[in-house]
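Asks: Here it is: the structure, laid out below.
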Amino acid sequence: GLDFGDLHRSIYAHTEPVTAVAWVPKTHYLFTAGKDGLLKHWDADTYTLIHVLRGHHAEVWGLAVGRSGAHVVSASRDRSIRLWTRSAEQVFLEEEREAEVEAVLDASLEKQQQAAEAEEEEAAALGVDGRAEAEAGAAGRRTLESVKGAERVLEALKTLDDEDERVTEYEAALARWQTKPADRPQPVLVPNLLLLNLSPSAYLLRALGGVR
């Protein structure tokens with residue numbers, strides 16, 4: 001039987017407490033809801049975030065998933081019940097991850113700006129020079145931009161590592177085919193669309209160019 005005391009993986013799913021989890025029946029996909037007002041769609045085999053569903057304006061308290069996974073219903077403290085329907089639109093996981101990181105960083109930046117403005121107002125009321133706080137706020141914005149750029153570089157490095165592994169596997173398959181070419185069709189290395197038709201070095205330089 002299954003040993004439920006053996007924790008295999010933990011996912012940081014939401015910025016606020018998780019309120020509900022529901023599996024798509026007979027699949028390895030699941031949905032989660034949280035007090036951050038978001039629903040998230042996950043692949044439990046790879047622990048990958050597939051999509052973020054935004055629409056509620058308060059905590060999401062519950063959710064239910066249809067038998068086929070094509071429909072999801074969620075209920076929120078904003079007094080709304082929302083029906084989400086799967087569309088034919090393609091989801092690009094890299095863009096989803098980047099959007100999620102940017103949303104978190106933007107929220108953090110907004111809090112820093114609000115705190116800096118409050119400190120400036122307090123300093124002005126007390127007759128104190130608030131330039132130091134303003135400079136700290138600008139430094140915070142530069143730091144957040146650097147974090148975003150670093151995230152893109154890390155993603156690019158992982159993509160290039162995966163590409164190196166894929167090329168190595170292709171070369172090994174080609175070497176095996178060359179020993180007995182009549183037994184199977186010749187292996188073909190399909191271009192990696194994630195590289196955007198760029199060479200590995202150009203792809204990495206593109207990511208590095210986003211670091212400020």
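By convention here, the chains of the structure tokens are called A, B, ... in the order presented, each chain's residues are numbered starting at 1, and ligands are numbered starting at 1 in the order presented.
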When you look at Ile81 of chain A with a cut-off of 12 Å (counting only C-alpha atoms), what residues show up, excluding the ones that are within fewer than 5 positions of it in the same chain? I need them as a PyMOL selection string.

Replies: chain A and resi 55-64+72-76

Asks: Using only C-alpha atoms, determine which residues lie at most 12 Å from Thr46 of chain A, disregarding the query and same-chain residues fewer than 5 positions distant; provide the list as a short mmCIF file (atom, residue, chain, number, x, y, z; two decimals) with all heavy atoms, in the first residue's frame.

Replies:
data_model
loop_
_atom_site.label_atom_id
_atom_site.label_comp_id
_atom_site.auth_asym_id
_atom_site.auth_seq_id
_atom_site.Cartn_x
_atom_site.Cartn_y
_atom_site.Cartn_z
N ARG A 9 7.34 15.50 -2.36
CA ARG A 9 7.57 16.83 -2.94
C ARG A 9 6.61 17.83 -2.31
O ARG A 9 5.46 17.50 -2.03
CB ARG A 9 7.36 16.77 -4.46
CG ARG A 9 7.64 18.06 -5.21
CD ARG A 9 9.12 18.35 -5.30
NE ARG A 9 9.39 19.55 -6.09
CZ ARG A 9 9.70 19.55 -7.37
NH1 ARG A 9 9.79 18.40 -8.02
NH2 ARG A 9 9.95 20.66 -8.02
N ILE A 11 5.14 21.85 -2.91
CA ILE A 11 5.07 22.93 -3.89
C ILE A 11 4.63 24.21 -3.18
O ILE A 11 3.66 24.20 -2.42
CB ILE A 11 4.07 22.62 -5.02
CG1 ILE A 11 4.42 21.30 -5.71
CG2 ILE A 11 4.02 23.75 -6.03
CD1 ILE A 11 3.39 20.87 -6.72
N HIS A 28 -3.38 13.24 -13.97
CA HIS A 28 -2.39 13.73 -13.02
C HIS A 28 -2.43 15.26 -12.95
O HIS A 28 -1.45 15.89 -12.54
CB HIS A 28 -0.98 13.25 -13.40
CG HIS A 28 -0.61 13.52 -14.82
ND1 HIS A 28 -0.08 14.72 -15.24
CD2 HIS A 28 -0.73 12.74 -15.93
CE1 HIS A 28 0.14 14.67 -16.55
NE2 HIS A 28 -0.25 13.49 -17.00
N TYR A 29 -3.56 15.86 -13.34
CA TYR A 29 -3.72 17.31 -13.29
C TYR A 29 -4.61 17.70 -12.10
O TYR A 29 -5.52 16.95 -11.73
CB TYR A 29 -4.34 17.83 -14.58
CG TYR A 29 -3.50 17.55 -15.81
CD1 TYR A 29 -3.87 16.58 -16.72
CD2 TYR A 29 -2.33 18.26 -16.03
CE1 TYR A 29 -3.09 16.31 -17.83
CE2 TYR A 29 -1.54 18.01 -17.14
CZ TYR A 29 -1.93 17.03 -18.03
OH TYR A 29 -1.15 16.77 -19.13
N LEU A 30 -4.33 18.84 -11.53
CA LEU A 30 -5.13 19.31 -10.41
C LEU A 30 -5.25 20.82 -10.42
O LEU A 30 -4.46 21.52 -11.06
CB LEU A 30 -4.56 18.81 -9.08
CG LEU A 30 -3.14 19.23 -8.70
CD1 LEU A 30 -3.14 20.55 -7.92
CD2 LEU A 30 -2.48 18.15 -7.86
#

Asks: Kindly give the distance, in Å, that separates atom CA of Pro17 of chain A and atom CA of Asp36 of chain A, rounded to a single decimal.

Replies: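 Computed distance, atom CA of Pro17 of chain A to atom CA of Asp36 of chain A, equals 7.6 Å.
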
Asks: Given the choices A:Ala22, A:Ala115, A:Val153, A:Ala202, which gets closest to Gly66 of chain A if the distance is worked out from only C-alpha atoms?

Replies: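 Of all the options, A:Ala22 lies closest to Gly66 of chain A.
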